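Data block for work.cif (mmCIF, C-alpha atoms; chains and numbers go by the auth columns):
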data_upload
loop_
_atom_site.group_PDB
_atom_site.id
_atom_site.type_symbol
_atom_site.label_atom_id
_atom_site.label_comp_id
_atom_site.label_asym_id
_atom_site.label_seq_id
_atom_site.Cartn_x
_atom_site.Cartn_y
_atom_site.Cartn_z
_atom_site.B_iso_or_equiv
_atom_site.auth_seq_id
_atom_site.auth_asym_id
ATOM 1 C CA MET A 1 0.000 0.000 0.000 0.00 21 K
ATOM 2 C CA ALA A 2 1.364 3.400 -1.004 0.00 22 K
ATOM 3 C CA GLU A 3 1.919 5.825 1.855 0.00 23 K
ATOM 4 C CA LEU A 4 0.357 9.290 1.911 0.00 24 K
ATOM 5 C CA TYR A 5 2.576 11.749 3.788 0.00 25 K
ATOM 6 C CA SER A 6 2.331 15.219 5.249 0.00 26 K
ATOM 7 C CA ALA A 7 5.488 17.359 5.202 0.00 27 K
ATOM 8 C CA ASP A 8 5.983 16.720 8.922 0.00 28 K
ATOM 9 C CA GLU A 9 5.779 12.968 8.371 0.00 29 K
ATOM 10 C CA ILE A 10 8.289 13.088 5.526 0.00 30 K
ATOM 11 C CA ASN A 11 10.689 15.169 7.605 0.00 31 K
ATOM 12 C CA THR A 12 10.405 12.703 10.487 0.00 32 K
ATOM 13 C CA LEU A 13 10.949 9.660 8.272 0.00 33 K
ATOM 14 C CA PHE A 14 13.353 11.319 5.850 0.00 34 K
ATOM 15 C CA GLU A 15 16.471 9.243 6.610 0.00 35 K
ATOM 16 C CA ARG A 16 14.479 6.032 6.207 0.00 36 K
ATOM 17 C CA LEU A 17 13.104 6.892 2.794 0.00 37 K
ATOM 18 C CA PRO A 18 14.770 5.438 -0.332 0.00 38 K
ATOM 19 C CA SER A 19 17.513 7.740 -1.592 0.00 39 K
ATOM 20 C CA TRP A 20 15.611 8.699 -4.732 0.00 40 K
ATOM 21 C CA GLN A 21 12.615 9.779 -2.639 0.00 41 K
ATOM 22 C CA GLN A 22 14.866 11.861 -0.397 0.00 42 K
ATOM 23 C CA ASP A 23 16.327 13.542 -3.458 0.00 43 K
ATOM 24 C CA ALA A 24 12.945 14.057 -5.121 0.00 44 K
ATOM 25 C CA TYR A 25 11.393 15.676 -2.054 0.00 45 K
ATOM 26 C CA SER A 26 14.449 17.891 -1.517 0.00 46 K
ATOM 27 C CA GLN A 27 14.392 18.964 -5.154 0.00 47 K
ATOM 28 C CA PHE A 28 10.687 19.760 -4.888 0.00 48 K
ATOM 29 C CA GLY A 29 11.253 21.990 -1.861 0.00 49 K
ATOM 30 C CA LYS A 30 14.095 23.857 -3.577 0.00 50 K
ATOM 31 C CA MET A 31 11.939 24.444 -6.640 0.00 51 K
ATOM 32 C CA ILE A 32 8.691 25.573 -5.066 0.00 52 K
ATOM 33 C CA ALA A 33 10.139 27.540 -2.157 0.00 53 K
ATOM 34 C CA ASP A 34 13.181 29.100 -3.803 0.00 54 K
ATOM 35 C CA GLU A 35 14.658 31.984 -1.851 0.00 55 K
ATOM 36 C CA ASN A 36 13.794 34.546 -4.537 0.00 56 K
ATOM 37 C CA ASN A 37 10.098 33.574 -4.476 0.00 57 K
ATOM 38 C CA THR A 38 9.873 33.163 -8.246 0.00 58 K
ATOM 39 C CA TYR A 39 7.922 29.902 -8.613 0.00 59 K
ATOM 40 C CA PRO A 40 4.841 30.826 -10.704 0.00 60 K
ATOM 41 C CA CYS A 41 2.210 28.658 -8.980 0.00 61 K
ATOM 42 C CA VAL A 42 1.474 30.910 -6.024 0.00 62 K
ATOM 43 C CA PRO A 43 -1.186 28.616 -4.461 0.00 63 K
ATOM 44 C CA GLY A 44 1.235 25.676 -4.702 0.00 64 K
ATOM 45 C CA ARG A 45 3.996 27.644 -3.011 0.00 65 K
ATOM 46 C CA MET A 46 1.615 28.790 -0.269 0.00 66 K
ATOM 47 C CA GLY A 47 0.418 25.220 0.198 0.00 67 K
ATOM 48 C CA PHE A 48 3.994 24.005 0.582 0.00 68 K
ATOM 49 C CA LEU A 49 4.998 26.697 3.062 0.00 69 K
ATOM 50 C CA SER A 50 1.778 26.227 5.060 0.00 70 K
ATOM 51 C CA GLY A 51 2.021 22.443 5.222 0.00 71 K
ATOM 52 C CA HIS A 52 -1.218 21.973 3.273 0.00 72 K
ATOM 53 C CA LEU A 53 0.271 19.675 0.633 0.00 73 K
ATOM 54 C CA ARG A 54 0.306 15.891 0.841 0.00 74 K
ATOM 55 C CA TYR A 55 2.843 13.656 -0.857 0.00 75 K
ATOM 56 C CA GLY A 56 3.163 10.191 -2.301 0.00 76 K
ATOM 57 C CA PHE A 57 5.650 8.212 -4.349 0.00 77 K
ATOM 58 C CA THR A 58 5.271 5.529 -7.002 0.00 78 K
ATOM 59 C CA CYS A 59 7.655 3.196 -8.756 0.00 79 K
ATOM 60 C CA ASP A 60 8.564 3.446 -12.457 0.00 80 K
ATOM 61 C CA PRO A 61 5.462 4.964 -14.150 0.00 81 K
ATOM 62 C CA ARG A 62 5.706 2.486 -17.006 0.00 82 K
ATOM 63 C CA SER A 63 4.670 -0.324 -14.670 0.00 83 K
ATOM 64 C CA GLU A 64 1.101 -1.241 -13.758 0.00 84 K
ATOM 65 C CA HIS A 65 2.094 -1.211 -10.107 0.00 85 K
ATOM 66 C CA ALA A 66 2.698 2.538 -10.359 0.00 86 K
ATOM 67 C CA ALA A 67 -0.908 3.098 -11.436 0.00 87 K
ATOM 68 C CA GLU A 68 -2.125 0.933 -8.567 0.00 88 K
ATOM 69 C CA ASP A 69 -0.065 3.016 -6.126 0.00 89 K
ATOM 70 C CA MET A 70 -1.385 6.297 -7.509 0.00 90 K
ATOM 71 C CA ALA A 71 -4.958 5.044 -7.316 0.00 91 K
ATOM 72 C CA ASP A 72 -4.323 3.969 -3.731 0.00 92 K
ATOM 73 C CA LEU A 73 -2.976 7.433 -2.886 0.00 93 K
ATOM 74 C CA LEU A 74 -6.055 9.095 -4.387 0.00 94 K
ATOM 75 C CA ARG A 75 -8.328 6.828 -2.326 0.00 95 K
ATOM 76 C CA GLN A 76 -6.509 7.946 0.813 0.00 96 K
ATOM 77 C CA TYR A 77 -6.381 11.589 -0.142 0.00 97 K
ATOM 78 C CA GLY A 78 -9.957 12.252 -1.251 0.00 98 K
ATOM 79 C CA PRO A 79 -11.629 11.792 2.155 0.00 99 K
ATOM 80 C CA VAL A 80 -9.057 13.946 4.012 0.00 100 K
ATOM 81 C CA SER A 81 -8.277 16.670 1.464 0.00 101 K
ATOM 82 C CA ARG A 82 -10.644 19.226 3.012 0.00 102 K
ATOM 83 C CA ASP A 83 -8.911 18.793 6.355 0.00 103 K
ATOM 84 C CA THR A 84 -5.436 19.561 5.021 0.00 104 K
ATOM 85 C CA GLY A 85 -5.812 23.293 4.409 0.00 105 K
ATOM 86 C CA HIS A 86 -7.126 25.925 2.006 0.00 106 K
ATOM 87 C CA TYR A 87 -4.305 25.419 -0.514 0.00 107 K
ATOM 88 C CA ALA A 88 -4.655 21.657 -0.717 0.00 108 K
ATOM 89 C CA SER A 89 -2.944 19.499 -3.338 0.00 109 K
ATOM 90 C CA MET A 90 -1.471 16.015 -3.502 0.00 110 K
ATOM 91 C CA VAL A 91 1.945 15.727 -5.142 0.00 111 K
ATOM 92 C CA VAL A 92 2.912 12.302 -6.494 0.00 112 K
ATOM 93 C CA ILE A 93 6.492 11.796 -7.644 0.00 113 K
ATOM 94 C CA CYS A 94 7.365 8.775 -9.764 0.00 114 K
ATOM 95 C CA GLU A 95 10.643 6.916 -9.637 0.00 115 K
ATOM 96 C CA THR A 96 12.269 7.928 -12.916 0.00 116 K
ATOM 97 C CA PRO A 97 15.156 5.614 -13.845 0.00 117 K
ATOM 98 C CA SER A 98 18.010 6.978 -15.928 0.00 118 K
ATOM 99 C CA ASP A 99 16.887 5.164 -19.084 0.00 119 K
ATOM 100 C CA LEU A 100 13.530 6.943 -18.843 0.00 120 K
ATOM 101 C CA LYS A 101 14.959 10.260 -17.692 0.00 121 K
ATOM 102 C CA ASP A 102 17.719 10.488 -20.299 0.00 122 K
ATOM 103 C CA HIS A 103 15.962 9.155 -23.390 0.00 123 K
ATOM 104 C CA THR A 104 12.358 10.376 -23.204 0.00 124 K
ATOM 105 C CA THR A 105 11.070 13.403 -25.096 0.00 125 K
ATOM 106 C CA VAL A 106 8.366 15.796 -23.935 0.00 126 K
ATOM 107 C CA GLU A 107 5.990 14.196 -26.448 0.00 127 K
ATOM 108 C CA GLN A 108 6.725 10.713 -25.084 0.00 128 K
ATOM 109 C CA TYR A 109 6.153 11.919 -21.528 0.00 129 K
ATOM 110 C CA GLN A 110 2.831 13.340 -22.670 0.00 130 K
ATOM 111 C CA THR A 111 1.809 9.900 -23.917 0.00 131 K
ATOM 112 C CA LEU A 112 2.997 8.332 -20.662 0.00 132 K
ATOM 113 C CA PHE A 113 1.065 10.910 -18.622 0.00 133 K
ATOM 114 C CA TRP A 114 -2.235 10.071 -20.308 0.00 134 K
ATOM 115 C CA GLN A 115 -1.536 6.346 -20.172 0.00 135 K
ATOM 116 C CA MET A 116 -0.992 6.733 -16.438 0.00 136 K
ATOM 117 C CA LEU A 117 -4.246 8.660 -15.900 0.00 137 K
ATOM 118 C CA ASN A 118 -6.143 6.063 -17.905 0.00 138 K
ATOM 119 C CA ARG A 119 -4.629 3.197 -15.928 0.00 139 K
ATOM 120 C CA VAL A 120 -5.292 4.969 -12.621 0.00 140 K
ATOM 121 C CA SER A 121 -8.897 5.609 -13.626 0.00 141 K
ATOM 122 C CA SER A 122 -9.385 1.908 -14.389 0.00 142 K
ATOM 123 C CA HIS A 123 -8.903 1.273 -10.644 0.00 143 K
ATOM 124 C CA ASP A 124 -11.644 3.715 -9.661 0.00 144 K
ATOM 125 C CA THR A 125 -14.757 1.916 -8.410 0.00 145 K
ATOM 126 C CA GLU A 126 -16.807 5.034 -7.586 0.00 146 K
ATOM 127 C CA PRO A 127 -19.360 6.517 -10.028 0.00 147 K
ATOM 128 C CA TRP A 128 -18.506 9.671 -11.943 0.00 148 K
ATOM 129 C CA PRO A 129 -19.859 12.767 -10.107 0.00 149 K
ATOM 130 C CA GLU A 130 -23.232 13.820 -11.529 0.00 150 K
ATOM 131 C CA HIS A 131 -22.282 17.504 -11.734 0.00 151 K
ATOM 132 C CA ILE A 132 -19.142 16.833 -13.803 0.00 152 K
ATOM 133 C CA SER A 133 -19.518 16.161 -17.515 0.00 153 K
ATOM 134 C CA THR A 134 -18.220 12.823 -18.763 0.00 154 K
ATOM 135 C CA ASP A 135 -17.144 14.499 -22.013 0.00 155 K
ATOM 136 C CA PRO A 136 -13.604 15.954 -21.844 0.00 156 K
ATOM 137 C CA HIS A 137 -14.566 18.377 -24.609 0.00 157 K
ATOM 138 C CA ASP A 138 -17.163 20.008 -22.344 0.00 158 K
ATOM 139 C CA SER A 139 -16.041 23.003 -20.260 0.00 159 K
ATOM 140 C CA SER A 140 -17.328 21.376 -17.042 0.00 160 K
ATOM 141 C CA TRP A 141 -15.202 18.218 -17.401 0.00 161 K
ATOM 142 C CA GLU A 142 -12.445 17.474 -14.924 0.00 162 K
ATOM 143 C CA PHE A 143 -10.516 14.321 -14.064 0.00 163 K
ATOM 144 C CA CYS A 144 -12.329 12.525 -11.250 0.00 164 K
ATOM 145 C CA PHE A 145 -11.411 9.738 -8.873 0.00 165 K
ATOM 146 C CA GLY A 146 -13.376 8.400 -5.939 0.00 166 K
ATOM 147 C CA GLY A 147 -16.195 10.809 -6.739 0.00 167 K
ATOM 148 C CA GLU A 148 -13.869 13.833 -6.390 0.00 168 K
ATOM 149 C CA PRO A 149 -12.881 16.144 -9.290 0.00 169 K
ATOM 150 C CA TYR A 150 -9.240 17.199 -9.532 0.00 170 K
ATOM 151 C CA PHE A 151 -7.199 19.573 -11.647 0.00 171 K
ATOM 152 C CA CYS A 152 -4.134 17.588 -12.745 0.00 172 K
ATOM 153 C CA PHE A 153 -0.673 18.986 -13.331 0.00 173 K
ATOM 154 C CA CYS A 154 2.352 17.255 -14.812 0.00 174 K
ATOM 155 C CA ALA A 155 6.053 18.150 -14.834 0.00 175 K
ATOM 156 C CA THR A 156 8.848 16.175 -16.494 0.00 176 K
ATOM 157 C CA PRO A 157 12.651 16.030 -16.779 0.00 177 K
ATOM 158 C CA ALA A 158 12.398 16.725 -20.530 0.00 178 K
ATOM 159 C CA HIS A 159 10.814 20.184 -20.363 0.00 179 K
ATOM 160 C CA GLU A 160 13.352 22.922 -21.042 0.00 180 K
ATOM 161 C CA LEU A 161 11.667 26.060 -22.397 0.00 181 K
ATOM 162 C CA ARG A 162 8.607 25.807 -20.169 0.00 182 K
ATOM 163 C CA ALA A 163 10.554 25.731 -16.885 0.00 183 K
ATOM 164 C CA SER A 164 7.335 25.806 -14.861 0.00 184 K
ATOM 165 C CA ARG A 165 6.711 22.268 -16.169 0.00 185 K
ATOM 166 C CA HIS A 166 10.218 20.970 -15.525 0.00 186 K
ATOM 167 C CA PHE A 167 11.150 18.659 -12.666 0.00 187 K
ATOM 168 C CA PRO A 168 13.984 16.090 -12.355 0.00 188 K
ATOM 169 C CA TYR A 169 11.392 13.314 -11.876 0.00 189 K
ATOM 170 C CA LEU A 170 8.036 12.669 -13.517 0.00 190 K
ATOM 171 C CA MET A 171 5.638 14.451 -11.195 0.00 191 K
ATOM 172 C CA PHE A 172 1.853 14.571 -10.937 0.00 192 K
ATOM 173 C CA ALA A 173 -0.131 17.001 -8.800 0.00 193 K
ATOM 174 C CA PHE A 174 -3.836 16.606 -8.029 0.00 194 K
ATOM 175 C CA GLN A 175 -5.574 19.774 -6.867 0.00 195 K
ATOM 176 C CA PRO A 176 -9.136 19.286 -5.584 0.00 196 K
ATOM 177 C CA ARG A 177 -11.701 21.280 -7.546 0.00 197 K
ATOM 178 C CA TRP A 178 -13.118 22.807 -4.336 0.00 198 K
ATOM 179 C CA VAL A 179 -9.849 24.747 -3.881 0.00 199 K
ATOM 180 C CA PHE A 180 -10.924 26.975 -6.773 0.00 200 K
ATOM 181 C CA GLU A 181 -14.249 27.994 -5.211 0.00 201 K
ATOM 182 C CA SER A 182 -12.613 31.216 -4.011 0.00 202 K
ATOM 183 C CA ILE A 183 -9.883 31.354 -6.671 0.00 203 K
ATOM 184 C CA ASN A 184 -11.467 31.884 -10.073 0.00 204 K
ATOM 185 C CA ASP A 185 -12.203 34.615 -12.590 0.00 205 K
ATOM 186 C CA ASN A 186 -15.363 35.622 -10.711 0.00 206 K
ATOM 187 C CA THR A 187 -13.591 36.528 -7.471 0.00 207 K
ATOM 188 C CA PRO A 188 -11.246 39.458 -6.714 0.00 208 K
ATOM 189 C CA LEU A 189 -8.722 37.017 -5.231 0.00 209 K
ATOM 190 C CA GLY A 190 -8.870 34.873 -8.337 0.00 210 K
ATOM 191 C CA ARG A 191 -8.340 37.778 -10.707 0.00 211 K
ATOM 192 C CA LYS A 192 -5.456 39.067 -8.595 0.00 212 K
ATOM 193 C CA MET A 193 -3.920 35.578 -8.469 0.00 213 K
ATOM 194 C CA LYS A 194 -4.235 35.162 -12.239 0.00 214 K
ATOM 195 C CA THR A 195 -2.430 38.451 -12.870 0.00 215 K
ATOM 196 C CA LEU A 196 0.380 37.507 -10.479 0.00 216 K
ATOM 197 C CA ILE A 197 0.776 33.997 -11.904 0.00 217 K
ATOM 198 C CA ARG A 198 0.885 35.270 -15.495 0.00 218 K
ATOM 199 C CA LYS A 199 3.520 37.846 -14.517 0.00 219 K
ATOM 200 C CA ARG A 200 5.648 35.168 -12.872 0.00 220 K
ATOM 201 C CA LEU A 201 5.229 32.776 -15.800 0.00 221 K
ATOM 202 C CA ALA A 202 6.494 35.434 -18.184 0.00 222 K
ATOM 203 C CA ALA A 203 9.671 35.773 -16.130 0.00 223 K
ATOM 204 C CA TYR A 204 10.068 32.058 -15.305 0.00 224 K
ATOM 205 C CA ASP A 205 9.509 30.413 -18.705 0.00 225 K
ATOM 206 C CA ALA A 206 11.431 30.973 -21.922 0.00 226 K
ATOM 207 C CA VAL A 207 8.174 30.827 -23.918 0.00 227 K
ATOM 208 C CA PRO A 208 4.883 32.719 -23.573 0.00 228 K
ATOM 209 C CA ALA A 209 2.082 31.323 -21.419 0.00 229 K
ATOM 210 C CA HIS A 210 0.337 28.475 -23.224 0.00 230 K
ATOM 211 C CA PRO A 211 -2.911 29.613 -24.926 0.00 231 K
ATOM 212 C CA SER A 212 -4.816 26.769 -23.232 0.00 232 K
ATOM 213 C CA LEU A 213 -4.410 28.346 -19.775 0.00 233 K
ATOM 214 C CA MET A 214 -7.888 29.519 -18.764 0.00 234 K
ATOM 215 C CA TRP A 215 -10.283 29.308 -15.830 0.00 235 K
ATOM 216 C CA TYR A 216 -12.502 26.289 -15.198 0.00 236 K
ATOM 217 C CA GLY A 217 -16.048 26.814 -16.457 0.00 237 K
ATOM 218 C CA GLN A 218 -15.228 29.379 -19.127 0.00 238 K
ATOM 219 C CA GLN A 219 -17.163 28.459 -22.252 0.00 239 K
ATOM 220 C CA ASP A 220 -14.066 28.075 -24.403 0.00 240 K
ATOM 221 C CA ASN A 221 -11.935 26.413 -21.691 0.00 241 K
ATOM 222 C CA LEU A 222 -11.062 22.716 -21.758 0.00 242 K
ATOM 223 C CA GLU A 223 -9.349 21.567 -18.590 0.00 243 K
ATOM 224 C CA TRP A 224 -7.583 18.544 -20.075 0.00 244 K
ATOM 225 C CA LYS A 225 -5.568 20.813 -22.366 0.00 245 K
ATOM 226 C CA GLN A 226 -3.919 22.382 -19.307 0.00 246 K
ATOM 227 C CA TYR A 227 -2.909 19.132 -17.594 0.00 247 K
ATOM 228 C CA PHE A 228 0.151 18.538 -19.751 0.00 248 K
ATOM 229 C CA LEU A 229 1.670 21.569 -21.470 0.00 249 K
ATOM 230 C CA PRO A 230 4.471 20.950 -24.009 0.00 250 K
ATOM 231 C CA ASP A 231 7.400 23.280 -24.571 0.00 251 K
ATOM 232 C CA ASP A 232 5.613 24.718 -27.610 0.00 252 K
ATOM 233 C CA GLU A 233 1.960 25.715 -28.095 0.00 253 K
ATOM 234 C CA GLN A 234 0.782 22.384 -29.463 0.00 254 K
ATOM 235 C CA THR A 235 -2.216 20.510 -28.006 0.00 255 K
ATOM 236 C CA PRO A 236 -3.683 17.134 -29.013 0.00 256 K
ATOM 237 C CA SER A 237 -6.791 17.517 -31.174 0.00 257 K
ATOM 238 C CA LYS A 238 -8.679 15.021 -29.009 0.00 258 K
ATOM 239 C CA CYS A 239 -8.464 14.276 -25.311 0.00 259 K
ATOM 240 C CA PRO A 240 -6.511 11.039 -24.682 0.00 260 K
ATOM 241 C CA PHE A 241 -8.564 10.215 -21.567 0.00 261 K
ATOM 242 C CA MET A 242 -10.467 7.012 -22.373 0.00 262 K
ATOM 243 C CA ARG A 243 -12.479 5.996 -19.292 0.00 263 K
ATOM 244 C CA MET A 244 -15.894 7.030 -20.564 0.00 264 K
ATOM 245 C CA LYS A 245 -15.209 5.832 -24.102 0.00 265 K
ATOM 246 C CA GLN A 246 -14.224 2.428 -22.750 0.00 266 K
ATOM 247 C CA ALA A 247 -17.326 2.259 -20.548 0.00 267 K
ATOM 248 C CA LEU A 248 -19.565 3.193 -23.482 0.00 268 K
ATOM 249 C CA GLY A 249 -17.902 0.526 -25.596 0.00 269 K
ATOM 250 C CA LYS A 250 -18.701 -2.126 -22.991 0.00 270 K
ATOM 251 C CA LEU A 251 -22.350 -1.053 -22.834 0.00 271 K
ATOM 252 C CA THR A 252 -22.830 -1.212 -26.604 0.00 272 K
ATOM 253 C CA LYS A 253 -21.282 -4.661 -27.086 0.00 273 K
#
Would you write out, as structure tokens, the structure that this file holds?
Amino acid sequence: MAELYSADEINTLFERLPSWQQDAYSQFGKMIADENNTYPCVPGRMGFLSGHLRYGFTCDPRSEHAAEDMADLLRQYGPVSRDTGHYASMVVICETPSDLKDHTTVEQYQTLFWQMLNRVSSHDTEPWPEHISTDPHDSSWEFCFGGEPYFCFCATPAHELRASRHFPYLMFAFQPRWVFESINDNTPLGRKMKTLIRKRLAAYDAVPAHPSLMWYGQQDNLEWKQYFLPDDEQTPSKCPFMRMKQALGKLTK
């Protein structure tokens, strides 16, 4: 069973963690809480500094066991997320062996990311939330697990120009949808946060903000396009998430 950790728990157990997990967590802290306060995701930084984030680790993401671990972490996290703090998110870092780290392109990581989400979703036994569309090409769609909708974020070792999506290990972050109830385009805080994040992105990345970055619920916004951002402005023409397509296929056979 995969372990879900708070920052305090990781710090207490740090010396007993595998060396790659020690390195991954240390690298994450250096990135998100850099001394110059430049990391663009302000809510993520605040969550880290406030102890609101939760953490988990998986083995090589190419293995089925990694998907089982991530699904297990989501089962643990969903029921407790509202008790962890206003800036809640779960960060899952995958063991990324050198053969994967050194020879995988951004495009290949994108394929691996969606394969992982599809495999994780296959372990979900809860029904899809009624208020969330099952069609990824609807503006109300969001990835869901255990009846909870999450915004998903991915960072990889291969990203170079889009530094905000670079990390030495393959990393997933799951941010509960309820976090955005007070942070969206309809709230003063949300508008202020958007302006600050865009300003930081412009200074942090070597390319302009991706055109897919919008607020949830906007008519022309599609959440899945923001989950994995490449170094350029490309986006798949169709969402690679297959859970509902697979379920429909089973019903029509």
(message) Env of stretch 84-97 of chain K: 6 Å cut, atoms = only C-alpha atoms, seq-sep filter 3 positions within chain, self excluded. Answer as a PyMOL selection string.
(response) chain K and resi 22+78-79+81+100-101+139-140
Write the residues of the preceding selection, restricted to C-alpha atoms, as a PDB file, keeping the file's coordinate frame.
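The resulting file, result.pdb, is reproduced below:
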ATOM      1  CA  ALA K  22       1.364   3.400  -1.004  1.00  0.00           C
ATOM      2  CA  THR K  78       5.271   5.529  -7.002  1.00  0.00           C
ATOM      3  CA  CYS K  79       7.655   3.196  -8.756  1.00  0.00           C
ATOM      4  CA  PRO K  81       5.462   4.964 -14.150  1.00  0.00           C
ATOM      5  CA  VAL K 100      -9.057  13.946   4.012  1.00  0.00           C
ATOM      6  CA  SER K 101      -8.277  16.670   1.464  1.00  0.00           C
ATOM      7  CA  ARG K 139      -4.629   3.197 -15.928  1.00  0.00           C
ATOM      8  CA  VAL K 140      -5.292   4.969 -12.621  1.00  0.00           C
TER       9      VAL K 140
END
(request) May I ask which of the residues K:Gln42, K:Ser109, K:Thr176, K:Ser70 is the closest one to K:Lys121, counting all atoms listed in the file? (result)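 Closest to K:Lys121, using all atoms listed in the file: K:Thr176.
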(request) Please write the residues picked by the PyMOL selection byres ((chain K and resi 64) around 9) on this file as a list in words. (result)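 Selected by the PyMOL selection byres ((chain K and resi 64) around 9) in this file: Ile52, Tyr59, Pro60, Cys61, Val62, Pro63, Arg65, Met66, Gly67, Phe68, Leu69, Leu73, Tyr107, Ala108 and Ser109 of chain K.
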(message) Using only C-alpha atoms for the distances, tell me which of K:Glu115, K:Trp134, K:Ala27, K:Cys164 is nearest to K:Pro147.
(response)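 Ranked by minimum distance to K:Pro147, first place goes to K:Cys164.
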(request) Name all residues at most 9 Å from K:Leu233 (count all atoms listed in the file; drop same-chain ones fewer than 4 positions away) and give them as number ranges by chain. (result) K: 229, 241-243, 245-246
Using the chain letters and residue numbers of this document, give as a short mmCIF file (atom, residue, chain, number, x, y, z; two decimals) with C-alpha atoms, in the frame of the given file the residues selected by the PyMOL selection byres ((chain K and resi 239) around 12).
data_model
loop_
_atom_site.label_atom_id
_atom_site.label_comp_id
_atom_site.auth_asym_id
_atom_site.auth_seq_id
_atom_site.Cartn_x
_atom_site.Cartn_y
_atom_site.Cartn_z
CA HIS K 157 -14.57 18.38 -24.61
CA ASP K 158 -17.16 20.01 -22.34
CA SER K 159 -16.04 23.00 -20.26
CA SER K 160 -17.33 21.38 -17.04
CA TRP K 161 -15.20 18.22 -17.40
CA MET K 234 -7.89 29.52 -18.76
CA TRP K 235 -10.28 29.31 -15.83
CA TYR K 236 -12.50 26.29 -15.20
CA GLY K 237 -16.05 26.81 -16.46
CA GLN K 238 -15.23 29.38 -19.13
CA ASP K 240 -14.07 28.08 -24.40
CA ASN K 241 -11.94 26.41 -21.69
CA LEU K 242 -11.06 22.72 -21.76
CA GLU K 243 -9.35 21.57 -18.59
#
(request) List the residues matched by the PyMOL selection byres ((chain K and resi 120) around 12) in the displayed structure as a ChimeraX atom specification, ordered by chain and then by residue number. (result) /K:80-82,114-119,121-126,128-129,132,176-178,188-190
(message) To one decimal place in Å, what is the distance between atom CA of K:Met262 and atom CA of K:Phe163?
(response)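 These atoms are spaced 11.1 Å apart.
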(request) Tell me, in Å to one decimal, how far atom CA of K:Asn57 is from atom CA of K:Ala223. (result) 11.9 Å
(request) For each of K:Phe200, K:Thr32, K:Glu162, K:Val112, take the minimum atom-to-atom distance to K:Lys214, counting all atoms listed in the file, then give the residue where this is smallest. (result)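 Closest residue, counting all atoms listed in the file: K:Phe200.
Going from atom CA of K:Val111 over to atom CA of K:Ala222, you cover 24.1 Å.
In terms of minimum interatomic distance to K:Arg220, K:Asn56 ranks closest within K:Asp103, K:Asp251, K:Ser26, K:Asn56, counting all atoms listed in the file.
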Is it possible to get the axis-aligned box enclosing stretch 117-124 of chain K (all listed atoms, 6 Å extra per side) as JSON, with centre and edge lengths in Å rounded to one decimal?
{"center_x": 15.2, "center_y": 7.8, "center_z": -18.6, "size_x": 17.7, "size_y": 17.3, "size_z": 21.5}
